[in-house]
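Enquirer: Sharing a structure here in structure tokens format.
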Amino acid sequence: MNLTNFRFETDADGIATLIWDMPGRSMNVITPEVMAELNQVIDHVVASEAIKGCVITSGKEAFSGGADLTMLQGLRDLYVGLAREKGEAAAMQTFFDESRKLSLLYRKLETCGKPFAAAIHGVCLGGAFELALACQYRVASDDASTRVGLPEIKVGLFPGAGGTQRVSRLMQTGDALQMMFKGEQIKALPARNSGLVHAAVPRDQMLQNAREWLKANPQAKAPWDDPKFKLPSNKVYSPAGMQIWPPANAIYRRETNDNYPAARAILSAVYEGLQLPIDLGLRVESRYFAKILRTKEAASMIRTLFVSMQELNKGARRPADVPASRLKKVGVVGAGFMGAGIAYVTAQAGLDVILIDRDIEAAEKGKAYSHKLVSDQIMKGRAKTADRDALLGRITASADYGDLKGCDLVIEAVFEDPKVKAEVIAKVEAVVGPRTIFGSNTSTLPITGLAEHSQRPKNFIGVHFFSPVEKMLLVEIIMAKKTGKKALAMALDFVRAIRKTPIVVNDTRGFYANRCVGNYIREGHLMLMEGVPPAMIEAAGKQAGMPVGPLSLNDEVAVDLAYKVLKATKAQLGENAVDPAQERLLTEMVETHGRLGRKNKKGFYDYPEAGPKRLWPGLAELTKNRLDPELIDMQDLKERLLVTQALEAARTYEEGVVTDPREADVGSIIGFGFAPYSGGTLSYIDNMGAAVFVKLCEKLARTHGERFKPNRQLKRMAKTGESYYGSAEKKAAA
Amino acid sequence: MADAFIYDHVRTPRGKGKADGSLHEVTAIELGTQVLRAIKDRNKLEPKLVEDVVFGCVDPVGEAGADIARTVALKAGYGKEVPGVQINRFCASGLDAVNLAAAQVMAGQKEMAIGGGVESMSRVGMGASGFGIAVDPSVAIDTYFMPQGVSADLIATKYGFSRDDVDAFAVRSHKKAAAAWAEGRFRNSVIPVTDVNGLILLDRDETIRPSTDMQALAALKASFVQMGEMGGFDAVATAAHPDVEFVNHVHHAGNSSGIVDGAAAVLVGSKKGGKAAGLRPRARIRAFATVGSDLALMLTGPVDVTELVLKKAGMTTGDIDLFELNEAFSSVVLRYQQAFDIDDAILNVNGGAIAMGHPLGATGAMILGTVLDELERTNKQTALVTLCVAAGMGVATIIERV
């Protein structure tokens with residue numbers, strides 16, 4: 001055998017060990033070379049009389065993260081190319097055959113006549129776990145880092161190398177579907193309890209355990225290859241099946257709004273597969289896999305949520321010529337909800353935090369938030385008391401700005417008032433050194449304006465967190481006019497340290513994310529004033545793929561905040577900058593009815609003590625307009641809610657606020673939940689094509705108002721056929 | 001086109017569709033056989049004149065499987081010359097069976113046929129024949145499949161019927177059915193089901209509770225809350241009808257149709273066919289229609305199909321003396337009344353399936369007979385019979401006395 005990605009050895013008892021250890025990589029992945037070598041190994045094991053069975057394990061700290069997603073992208077490109085050359089039908093057959101090679105390889109391993117075992121330590125996900133599932137025996141180390149799972153759904157794919165068929169033959173159907181829907185990563189013990197692995201043992205006993213099993217079971221077969229095999233949840237068409245499938249279909253819709261073809265394919269592959277013998281089940285799975293692999297949802301989600309996100313996390317936007325920051329101590333001024341959250345994530349990353357507020361009580365209260373968050377983790381068994389002590393030990397609550405001395409980075413999160421901010425800037429700069437970077441967590445005030453209060457505008461930068469800080473993955477880094485590259489490098493190094501994803505944008509009112517989100521909320525407001533029933537507005541938001549409806553979202557961020565922003569916009573940009581219908585609505589809501597949002601339990605929704613929130617019946621009185629729900633086109637509502645955001649993203653791109661489509665897309669999904677299946681705001685446009693999008697905007701502008709008029713760059717793209725990603729690639733190549 | 005006339009109809013009483021129901025020991029084949037035999041015997045019918053037996057059966061598996069129509073025709077002694085065909089349009093199957101029998105007569109291809117249906121819900125069980133449209137993701141998702149109870153609750157929510165509204169309707173159904181029995185209004189059509197010795201097993205509908213009242217019904221918990229929330233169906237309901245913020249669950253066993261066993265048969269023929277058999281026609285089938293309707297509401301088909309069948313007949317609701325709508329769930333009837341502004345006094349005047357039960361494949365033929373009897377008793381002319389149907393369909397028939 002000629003192996004470069006594996007080592008192969010056989011012991012005196014005839015038990016072989018295949019050690020997966022790819023050179024030059026920190027993590028094993030499935031590549032065409034890996035598949036070819038694994039094929040050789042199977043043939044060798046079968047051919048060698050001396051070999052009784054084979055353990056597959058990893059030579060690295062983890063088993064494997066699964067298939068190389070770029071390999072899958074390559075497959076899709078192959079299809080597109082072939083279709084051009086040989087026609088759709090021939091291309092489809094080749095693509096189908098190619099896309100099921102991994103599945104057939106695993107089946108070959110499973111039925112080769114000699115038993116295989118997988119010994120799993122560290123993560124074993126996706127295609128790698130599907131390899132393990134094809135082994136007759138699976139033993140996992142009980143180490144905290146060990147995780148198995150099928151997370152394909154998170155990038156718009158589904159387990160296409162036997163995962164849907166084997167998991168649904170190992171677990172109750174409902175559990176199997178849920179596991180694949182959620183893409184959960186499962187620790188060793190729960191994996192053993194649910195039957196996904198056979199044993200969980202200490203890491204140093206794992207190989208021995210597998211070898212002994214192989215010695216004892218030389219004739220082992222997969223359970224489903226036993227003619228007496230019975231499905232864990234009985235037949236699909238049985239009383240048990242009637243309890244499982246109709247709700248599964250309903251829950252699919254509830255969880256996805258039918259926007260995720262991969263999740264739907266999981267359902268169909270399992271439903272059809274369980275009615276067939278395993279080999280035909282695998283073939284059906286392959287058919288769906290080939291279909292899903294060609295969807296724009298899979299392509300977009302792989303690009304944005306895997307490739308681009310990884311690139312941004314690795315510092316795609318970091319100035320390469322600035323040496324790595326030695327970040328040790330971070331100051332946070334303002335210990336309110338945002339400041340407290342920033343202090344927590346910073347301390348969690350192992351950095352020292354000085355948390356400043358007006359008085360020590362306020363500062364301590366901010367620190368107590370960290371206490372609460374770690375305590376919640378302890379309750380869930382995800383942290384230990386010692387972790388809490390260590391984390392809290394890194395946070396110093398103080399009312400003395402003098403304590404900020406020696407901070408590498410200071411972030412302010414004080415009240416959104418330029419005067420208050422100016423005072424803080426002055427106080428901080430009075431004590432910190434000339435190299436300290438000052439970050440402002442403002443969400444509404446332009447950074448360039450704030451930087452004018454700074455003595456060192458080169459060191460001044462926007463570091464915009466999203467709420468709640470400990471949950472939201474995005475940080476928007478805002479460059480003011482004079483912000484220097486050292487400040488940018490420091491901000492990006494900080495974001496990397498706290499394990500969040502940065503996008504770098506240029507200064508404008510609302511920056512990037514809030515401009516798009518603001519449009520989403522405004523469109524909801526305007527629909528309400530047109531007489532669209534509020535329930536339909538909310539449903540349209542969710543059906544379009546947003547995490548919550550626009551009215552819900554406004555309740556979360558506060559209705560009076562929206563009102564304040566509107567008033568400020570009007571004061572600075574004039575009458576025409578605001579929509580009179582929206583102004584009427586917000587004035588009524590805030591001033592007449594005191595409905596401020598969730599914070600006072602009175603917003604677009606009522607928040608009763610018991611039971612779920614309900615739309616406020618008084619909304620009907622805010623406008624005289626009434627539209628007949630039967631005559632409202634839901635598609636039109638959904639388009640309005642997405643287009644208004646995507647169009648705003650297009651404008652920020654033309655204005656140079658966002659400069660990289662990857663950042664627009666990643667930021668839109670992890671920042672404000674823009675329909676993830678679309679791949680993000682600019683992918684949404686690219687996927688339909690600028691020409692179609694411009695037509696859609698023009699249609700909406702005619703029926704709903706000038707705010708939908710496409711910007712100049714878009715119109716040009718519609719003519720030239722350019723796309724955001726196409727242009728960006730060209731620019732990068734140039 | 002020939003006219004199709006109704007010459008006679010019979011039904012079994014409806015037995016509680018559980019192991020302790022009086023008809024549980026009677027096979028589905030025997031239930032169907034007894035109604036066919038009664039049609040033959042009481043009309044002194046030469047069975048060879050019957051050119052087809054069309055029987056509705058919603059779960060045609062097990063003992064009810066493999067063409068129960070032909071099976072019961074043979075067992076009832078119609079002879080090898082009389083064929084049979086089993087059909088299924090869910091809850092309207094019994095009415096469809098009559099319509100299909102009538103259609104063959106109207107087309108001039110047959111002179112006499114029987115339409116009817118049978119369902120032993122206690123023995124075969126609802127859903128026993130499988131339910132691809134609910135189970136197969138490739139169709140269930142796109143068609144907004146929901147259990148009927150959730151659809152009924154969605155109808156109540158969307159059209160504004162409260163728990164009190166639906167309960168009050170159920171109370172009326174029981175009172176009307178009890179009164180109808182007390183006055184012997186079903187006397188001519190209900191045949192007792194007997195054992196092999198002729199001993200009577202059941203001669204009255206078994207599930208009527210004349211004493212039920214609002215208090216008794218208020219004590220029942222809504223049946224579809226958990227299914228709606230945990231099972232995900234509320235989300236399907238609001239996805240299909242986004243003007244509804246949340247589903248108000250109001251239906252329970254007391255205001256929904258009962259699960260029962262029963263069979264019915266309707267003798268249909270041309271003028272010529274009736275003459276050959278020496279029978280006098282009792283009513284003419286003036287028009288019938290079928291539609292597909294909203295999938296999520298599922299049970300509003302009667303509204304759509306009523307509009308259609310009236311149009312076909314060149315009539316308006318004002319021309320109809322009596323309406324008979326299957327009481328699948330209270331909200332179905334309330335929505336129907338609301339849509340056409342129909343007075344209580346001319347709708348389901350002798351109660352319905354909430355009181356007496358709904359033997360799926362047979363009900364359509366049963367309520368057609370019930371309303372014909374009522375036309376005769378009150379000397380009225382026209383009636384419209386309709387049923388809501390799973391998967392969002394509706395079937396209706398207009399009859400007029402001759």
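Simple scheme: letters A, B, ... for chains in structure tokens order, numbers from 1 for residues in each chain, numbers from 1 for ligands in the order shown.
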How close does each residue of range 139-222 of chain A get to range 76-99 of chain A, giving the shortest atom pair and distance in Å to one decimal for every residue with an atom at most 12 Å away, counting only C-alpha atoms, sorted by chain and residue number, as a tab-separated table?
Expert:
residue	atom	partner	partner_atom	distance
A:Pro159	CA	A:Ser99	CA	11.9
A:Gly160	CA	A:Ser99	CA	8.6
A:Ala161	CA	A:Ser99	CA	9.1
Enquirer: For chain B, which residues have at least one atom within 7 Å of chain A, if we go by only C-alpha atoms? Write them as number ranges by chain, please.
Expert: B: 130, 134-138, 140-141, 231-233, 235-236, 242-245
Enquirer: Can you write out the residues you just picked, keeping N, CA and C atoms, as a CSV table (one decimal), in the first residue's frame?
Expert:
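Written output follows (selection24.csv):
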chain,number,residue,atom,x,y,z
B,130,GLY,N,-53.3,3.5,6.3
B,130,GLY,CA,-52.1,4.3,6.0
B,130,GLY,C,-52.6,5.7,5.6
B,134,ALA,N,-50.3,12.5,5.0
B,134,ALA,CA,-49.9,13.0,6.3
B,134,ALA,C,-48.5,12.6,6.7
B,135,VAL,N,-48.0,11.5,6.1
B,135,VAL,CA,-46.8,10.9,6.5
B,135,VAL,C,-45.6,11.3,5.6
B,136,ASP,N,-45.8,11.2,4.3
B,136,ASP,CA,-44.7,11.4,3.4
B,136,ASP,C,-44.3,12.9,3.3
B,137,PRO,N,-43.1,13.2,3.7
B,137,PRO,CA,-42.7,14.6,3.8
B,137,PRO,C,-42.9,15.3,2.4
B,138,SER,N,-42.7,14.6,1.4
B,138,SER,CA,-42.7,15.2,0.0
B,138,SER,C,-44.1,15.7,-0.3
B,140,ALA,N,-46.8,16.0,2.5
B,140,ALA,CA,-47.4,16.5,3.7
B,140,ALA,C,-47.0,17.9,4.0
B,141,ILE,N,-45.8,18.3,3.7
B,141,ILE,CA,-45.3,19.6,4.1
B,141,ILE,C,-46.0,20.7,3.1
B,231,GLY,N,-46.7,19.0,18.8
B,231,GLY,CA,-46.6,18.4,17.5
B,231,GLY,C,-46.3,19.3,16.3
B,232,GLY,N,-46.3,20.6,16.6
B,232,GLY,CA,-45.9,21.6,15.6
B,232,GLY,C,-47.1,22.0,14.7
B,233,PHE,N,-48.3,21.5,14.9
B,233,PHE,CA,-49.3,21.8,14.0
B,233,PHE,C,-49.9,23.2,14.1
B,235,ALA,N,-48.1,25.8,14.4
B,235,ALA,CA,-47.3,26.6,13.5
B,235,ALA,C,-47.6,26.4,12.0
B,236,VAL,N,-48.0,25.2,11.7
B,236,VAL,CA,-48.5,24.9,10.3
B,236,VAL,C,-49.8,25.7,10.0
B,242,PRO,N,-51.6,33.3,8.0
B,242,PRO,CA,-50.8,34.2,8.8
B,242,PRO,C,-51.6,35.3,9.4
B,243,ASP,N,-52.8,35.5,9.0
B,243,ASP,CA,-53.6,36.5,9.7
B,243,ASP,C,-54.0,36.0,11.1
B,244,VAL,N,-53.9,34.7,11.4
B,244,VAL,CA,-54.2,34.2,12.7
B,244,VAL,C,-52.9,34.2,13.5
B,245,GLU,N,-52.9,34.9,14.6
B,245,GLU,CA,-51.7,35.0,15.4
B,245,GLU,C,-51.5,33.7,16.2
Enquirer: Which of these, B:Val225, B:Met126, B:Leu372, B:Ala76, has the shortest distance to Pro281 in chain B once you count only C-alpha atoms?
Expert: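 Ranking B:Val225, B:Met126, B:Leu372, B:Ala76 by distance to Pro281 in chain B, first place goes to B:Leu372.
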Enquirer: Could you pull the residues within 9 Å of Thr483 in chain A, counting only C-alpha atoms, minus those fewer than 2 positions along the same chain, as a PyMOL selection string?
Expert: chain A and resi 448+451+457-461+478-481+485-488
Enquirer: Would you save the residues of that selection, restricted to C-alpha atoms, as a PDB file, in the first residue's frame?
Expert:
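Resulting contents of again.pdb:
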ATOM      1  CA  THR A 448     -15.767  60.265  13.215  1.00  0.00           C
ATOM      2  CA  ALA A 451     -13.158  60.894  17.417  1.00  0.00           C
ATOM      3  CA  PRO A 457      -7.792  60.166  16.658  1.00  0.00           C
ATOM      4  CA  LYS A 458      -5.449  57.593  15.060  1.00  0.00           C
ATOM      5  CA  ASN A 459      -6.050  55.418  18.101  1.00  0.00           C
ATOM      6  CA  PHE A 460      -9.807  55.885  18.034  1.00  0.00           C
ATOM      7  CA  ILE A 461     -12.029  53.140  16.572  1.00  0.00           C
ATOM      8  CA  ILE A 478     -15.851  50.958  12.547  1.00  0.00           C
ATOM      9  CA  MET A 479     -13.102  52.997  10.993  1.00  0.00           C
ATOM     10  CA  ALA A 480     -13.375  56.733  11.650  1.00  0.00           C
ATOM     11  CA  LYS A 481     -11.780  59.095   9.150  1.00  0.00           C
ATOM     12  CA  LYS A 485      -3.991  50.631  11.113  1.00  0.00           C
ATOM     13  CA  LYS A 486      -2.564  49.923  14.569  1.00  0.00           C
ATOM     14  CA  ALA A 487      -5.957  50.625  16.069  1.00  0.00           C
ATOM     15  CA  LEU A 488      -7.554  48.339  13.491  1.00  0.00           C
TER      16      LEU A 488
END
Enquirer: Which residue is closest to Glu376 in chain B? Choose from B:Thr33, B:Asn197, B:Ser162, B:Asn188 and count only C-alpha atoms.
Expert: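 Among the listed residues, B:Asn188 lies closest to Glu376 in chain B.
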Enquirer: DSSP on the backbone, then: every residue of range 127-373 of chain B marked strand (DSSP E), written as a list in words.
Expert: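 Matching residues, listed in order: Val193, Thr194, Ile200, Leu201, Leu202, Val260, Asp261, Gly262, Ala263, Ala264, Ala265, Val266, Leu267, Val268, Gly269, Ala283, Arg284, Ile285, Arg286, Ala287, Phe288, Ala289, Thr290, Val291, Gly292, Leu322, Phe323, Glu324 and Leu325 of chain B.
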Enquirer: CA of Val167 in chain A and CA of Leu231 in chain A, how far apart in Å?
Expert: 11.0 Å
